[in-house]
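Structure data follow from input-v1.txt (compact mmCIF, C-alpha atoms and all ligand atoms):
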```
# COMPACT_ATOMS: atom_id res chain seq x y z
CA MET A 3 47.06 3.09 -1.53
CA VAL A 4 47.13 2.79 -5.30
CA GLY A 5 48.14 -0.05 -7.60
CA LEU A 6 49.23 -0.11 -11.23
CA GLY A 7 49.04 -2.95 -13.73
CA TYR A 8 50.06 -3.38 -17.34
CA ASP A 9 49.73 -6.29 -19.74
CA ILE A 10 50.02 -7.04 -23.41
CA HIS A 11 49.08 -9.99 -25.58
CA ARG A 12 49.88 -10.81 -29.15
CA LEU A 13 46.99 -10.99 -31.62
CA ALA A 14 46.51 -13.67 -34.27
CA GLU A 15 43.84 -14.78 -36.73
CA GLY A 16 41.36 -17.34 -35.48
CA GLU A 17 41.92 -16.74 -31.75
CA SER A 18 39.19 -15.40 -29.50
CA LEU A 19 39.23 -11.86 -28.16
CA VAL A 20 38.08 -11.41 -24.57
CA LEU A 21 38.60 -8.12 -22.75
CA CYS A 22 37.32 -7.26 -19.25
CA GLY A 23 35.60 -10.65 -19.29
CA VAL A 24 33.55 -9.75 -22.38
CA ARG A 25 33.84 -11.74 -25.60
CA ILE A 26 34.29 -9.38 -28.54
CA PRO A 27 33.39 -10.53 -32.07
CA SER A 28 36.60 -10.34 -34.09
CA THR A 29 38.44 -12.32 -36.77
CA PHE A 30 41.57 -12.21 -34.61
CA GLY A 31 42.21 -12.62 -30.90
CA THR A 32 44.86 -13.03 -28.26
CA VAL A 33 47.57 -15.66 -28.22
CA ALA A 34 47.95 -16.70 -24.60
CA HIS A 35 48.18 -19.54 -22.12
CA SER A 36 44.97 -18.33 -20.43
CA ASP A 37 42.06 -16.68 -22.27
CA GLY A 38 44.47 -13.79 -22.93
CA ASP A 39 42.32 -11.10 -21.32
CA ALA A 40 45.02 -8.41 -21.09
CA ALA A 41 42.63 -6.02 -19.33
CA LEU A 42 41.88 -8.46 -16.51
CA HIS A 43 45.57 -9.37 -16.22
CA ALA A 44 46.45 -5.68 -15.87
CA LEU A 45 43.67 -5.23 -13.33
CA THR A 46 44.82 -8.25 -11.32
CA ASP A 47 48.31 -6.76 -11.15
CA ALA A 48 46.90 -3.38 -10.11
CA LEU A 49 44.93 -4.99 -7.27
CA LEU A 50 47.87 -7.11 -6.11
CA GLY A 51 50.18 -4.11 -6.46
CA ALA A 52 48.02 -1.86 -4.28
CA ALA A 53 48.34 -4.41 -1.50
CA GLY A 54 52.02 -5.17 -2.08
CA LEU A 55 51.08 -8.79 -2.71
CA GLY A 56 53.26 -9.60 -5.71
CA ASP A 57 52.03 -10.04 -9.27
CA ILE A 58 49.85 -12.30 -11.39
CA GLY A 59 52.79 -14.37 -12.66
CA GLU A 60 53.75 -15.22 -9.11
CA HIS A 61 50.25 -16.28 -8.08
CA PHE A 62 49.29 -17.94 -11.40
CA PRO A 63 52.40 -19.19 -13.22
CA ASP A 64 51.73 -19.72 -16.96
CA THR A 65 53.70 -22.97 -16.69
CA ASN A 66 50.78 -24.40 -14.70
CA PRO A 67 48.52 -26.47 -17.01
CA LEU A 68 45.62 -25.56 -14.69
CA TYR A 69 45.54 -22.09 -16.23
CA LYS A 70 45.47 -23.24 -19.84
CA ASN A 71 42.64 -21.30 -21.54
CA ALA A 72 41.62 -20.19 -18.05
CA ASP A 73 38.81 -17.68 -17.61
CA SER A 74 40.77 -14.68 -16.34
CA ARG A 75 37.88 -13.54 -14.14
CA GLN A 76 39.20 -16.05 -11.60
CA PHE A 77 42.47 -14.07 -11.36
CA VAL A 78 40.63 -10.85 -10.53
CA GLU A 79 38.29 -12.59 -8.11
CA TYR A 80 41.27 -14.18 -6.39
CA ALA A 81 42.97 -10.79 -6.01
CA VAL A 82 39.75 -9.18 -4.71
CA LYS A 83 39.46 -11.94 -2.11
CA LEU A 84 43.13 -11.59 -1.15
CA LEU A 85 42.70 -7.85 -0.61
CA ALA A 86 39.67 -8.44 1.61
CA GLU A 87 41.64 -11.01 3.61
CA ASN A 88 44.32 -8.36 4.07
CA GLY A 89 41.81 -5.84 5.41
CA LEU A 90 41.69 -3.75 2.24
CA LYS A 91 38.66 -2.29 0.50
CA ILE A 92 38.67 -1.28 -3.17
CA ILE A 93 37.64 2.33 -3.72
CA ASN A 94 37.70 2.48 -7.53
CA ILE A 95 39.29 0.91 -10.59
CA ASP A 96 40.18 2.43 -13.94
CA VAL A 97 41.19 0.41 -16.98
CA SER A 98 42.56 1.64 -20.32
CA ILE A 99 42.66 -0.66 -23.32
CA VAL A 100 44.93 0.08 -26.28
CA LEU A 101 43.72 -1.68 -29.42
CA GLU A 102 43.57 -0.71 -33.07
CA ASN A 103 40.51 -2.82 -34.01
CA PRO A 104 37.70 -3.57 -33.34
CA LYS A 105 36.20 -0.61 -31.50
CA ILE A 106 35.72 -1.09 -27.76
CA GLN A 107 32.97 1.51 -27.36
CA PRO A 108 30.03 -0.84 -28.17
CA HIS A 109 31.24 -3.20 -25.42
CA ARG A 110 32.16 -0.65 -22.80
CA ALA A 111 28.93 -0.85 -20.78
CA ALA A 112 29.10 -4.65 -20.62
CA MET A 113 32.75 -4.41 -19.58
CA ARG A 114 32.00 -1.99 -16.75
CA GLU A 115 29.22 -4.24 -15.52
CA ALA A 116 31.48 -7.29 -15.64
CA LEU A 117 34.23 -5.49 -13.71
CA ALA A 118 31.76 -4.13 -11.15
CA ALA A 119 30.50 -7.67 -10.51
CA MET A 120 34.02 -9.09 -10.21
CA CYS A 121 35.18 -6.38 -7.82
CA GLY A 122 31.96 -5.90 -5.86
CA LEU A 123 31.82 -2.21 -6.79
CA PRO A 124 29.03 0.10 -7.94
CA LEU A 125 29.26 1.14 -11.60
CA ASN A 126 30.31 4.68 -10.75
CA ARG A 127 33.53 3.29 -9.20
CA VAL A 128 34.43 1.38 -12.35
CA SER A 129 35.89 2.96 -15.45
CA VAL A 130 36.82 1.42 -18.80
CA LYS A 131 38.47 3.54 -21.45
CA ALA A 132 39.92 2.67 -24.83
CA THR A 133 42.20 4.24 -27.36
CA THR A 134 44.02 3.21 -30.51
CA ASN A 135 47.79 3.50 -30.83
CA GLU A 136 47.39 5.79 -33.86
CA LYS A 137 48.78 3.04 -36.12
CA VAL A 138 52.19 3.43 -34.44
CA GLY A 139 54.27 0.48 -33.26
CA PHE A 140 53.17 -3.12 -32.79
CA VAL A 141 49.81 -2.25 -31.24
CA GLY A 142 49.23 0.24 -34.03
CA ARG A 143 49.96 -2.45 -36.63
CA GLY A 144 47.33 -4.66 -35.00
CA GLU A 145 49.88 -7.15 -33.71
CA GLY A 146 48.86 -6.85 -30.08
CA VAL A 147 46.47 -5.49 -27.48
CA ALA A 148 47.73 -3.67 -24.39
CA ALA A 149 45.96 -2.69 -21.20
CA PHE A 150 46.70 -0.48 -18.22
CA ALA A 151 44.84 -0.53 -14.93
CA VAL A 152 44.96 1.42 -11.72
CA CYS A 153 43.04 0.99 -8.51
CA GLN A 154 42.75 2.71 -5.19
CA VAL A 155 42.30 0.76 -2.00
CA GLU A 156 41.98 1.72 1.63
CA GLU A 157 42.25 -0.08 4.93
CA VAL A 158 38.87 -1.14 6.26
MG MG A 201 48.56 -11.58 -19.66
```
What does this structure look like when you write it as structure tokens?
Ligand code: MG
Amino acid sequence: MVGLGYDIHRLAEGESLVLCGVRIPSTFGTVAHSDGDAALHALTDALLGAAGLGDIGEHFPDTNPLYKNADSRQFVEYAVKLLAENGLKIINIDVSIVLENPKIQPHRAAMREALAAMCGLPLNRVSVKATTNEKVGFVGRGEGVAAFAVCQVEEV
């Protein structure tokens, strides 16, 4: 089975920027109830989606004060655990980040390592890619960061 996830967060001056669990030095960051890690939110939805287990908003409502400034790694780890409980094994994950600035490339290795640890996967089953939006639209104007994720799972 495969799962797909997508997320977007608005960017603003003075906020922190965390993607794939890695803090990225930047003068602007995501505006969000949690830590605003769009990549981990997309990945959580991909994992839940592969198992037909709903979505991140259902499991972690942003109206819950418990998730204020939450470390989004807990969402991924929760989904990984839920998949295991449902007899599913993750084969691979692939994440694409769409962001105008700063460049993701210097952080890509750390991101892959963080995702591998969260998902219990070897590095060669974890992919992180990044692209700009070619200055088009709200992501292109630097107003937001978007992320897509897919994963493949199989029954154990
Ligand atoms: Mg989100």
Using all atoms listed in the file, which residues sit within 7 Å of range 103-116 of chain A once same-chain residues fewer than 2 positions away are excluded, as a list of chain:residue names?
->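 Listing them by chain and then by number gives A:Cys22, A:Gly23, A:Val24, A:Ser28, A:Leu101, A:Ala118, A:Ala119, A:Met120, A:Leu125, A:Val128, A:Ser129, A:Val130, A:Ala132.
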Could you jot down the CA of Leu55 in chain A to CA of Gly5 in chain A separation for me, Å, one decimal place?
->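 Taking CA of Leu55 in chain A and CA of Gly5 in chain A, their separation equals 10.4 Å.
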Residues within 10 Å of ligand MG 201 (chain A), counting all atoms listed in the file: report them as a short mmCIF file (atom, residue, chain, number, x, y, z; two decimals) with C-alpha atoms, in the frame of the given file.
```cif
data_model
loop_
_atom_site.label_atom_id
_atom_site.label_comp_id
_atom_site.auth_asym_id
_atom_site.auth_seq_id
_atom_site.Cartn_x
_atom_site.Cartn_y
_atom_site.Cartn_z
CA TYR A 8 50.06 -3.38 -17.34
CA ASP A 9 49.73 -6.29 -19.74
CA ILE A 10 50.02 -7.04 -23.41
CA HIS A 11 49.08 -9.99 -25.58
CA ARG A 12 49.88 -10.81 -29.15
CA THR A 32 44.86 -13.03 -28.26
CA VAL A 33 47.57 -15.66 -28.22
CA ALA A 34 47.95 -16.70 -24.60
CA HIS A 35 48.18 -19.54 -22.12
CA SER A 36 44.97 -18.33 -20.43
CA ASP A 37 42.06 -16.68 -22.27
CA GLY A 38 44.47 -13.79 -22.93
CA ASP A 39 42.32 -11.10 -21.32
CA ALA A 40 45.02 -8.41 -21.09
CA ALA A 41 42.63 -6.02 -19.33
CA LEU A 42 41.88 -8.46 -16.51
CA HIS A 43 45.57 -9.37 -16.22
CA ALA A 44 46.45 -5.68 -15.87
CA THR A 46 44.82 -8.25 -11.32
CA ASP A 47 48.31 -6.76 -11.15
CA ILE A 58 49.85 -12.30 -11.39
CA GLY A 59 52.79 -14.37 -12.66
CA ASP A 64 51.73 -19.72 -16.96
CA SER A 74 40.77 -14.68 -16.34
CA ALA A 148 47.73 -3.67 -24.39
CA ALA A 149 45.96 -2.69 -21.20
#
```
All residues 12 Å or closer to Phe140 in chain A, all atoms listed in the file, same chain fewer than 2 positions away omitted, as JSON, numbers by chain | {"A": [10, 11, 12, 13, 100, 101, 102, 134, 135, 136, 137, 138, 142, 143, 144, 145, 146, 147, 148]}
Name the residues in contact with Leu6 in chain A at a cut-off of 9 Å, using only C-alpha atoms, excluding same-chain residues fewer than 3 positions from it; report them as a list in words.
->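 Selected residues are Ala44, Leu45, Asp47, Ala48, Leu49, Leu50, Gly51, Ala52, Phe150, Ala151, Val152 and Cys153 of chain A.
Interatomic distance, CA of Arg25 in chain A against CA of Asp73 in chain A: 11.1 Å.
Interatomic distance, CA of Pro63 in chain A against CA of Arg75 in chain A: 15.6 Å.
Minimum atom-to-atom distance to Val82 in chain A, evaluated using only C-alpha atoms, belongs to A:Cys121 out of A:Cys121, A:Ile26, A:Arg127, A:Val97.
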So, counting all atoms listed in the file, which residue among A:Val141, A:Met3, A:Ile99, A:Val78 is closest to Gly122 in chain A?
->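 Once distances to Gly122 in chain A are computed over all atoms listed in the file, the minimum belongs to A:Val78.
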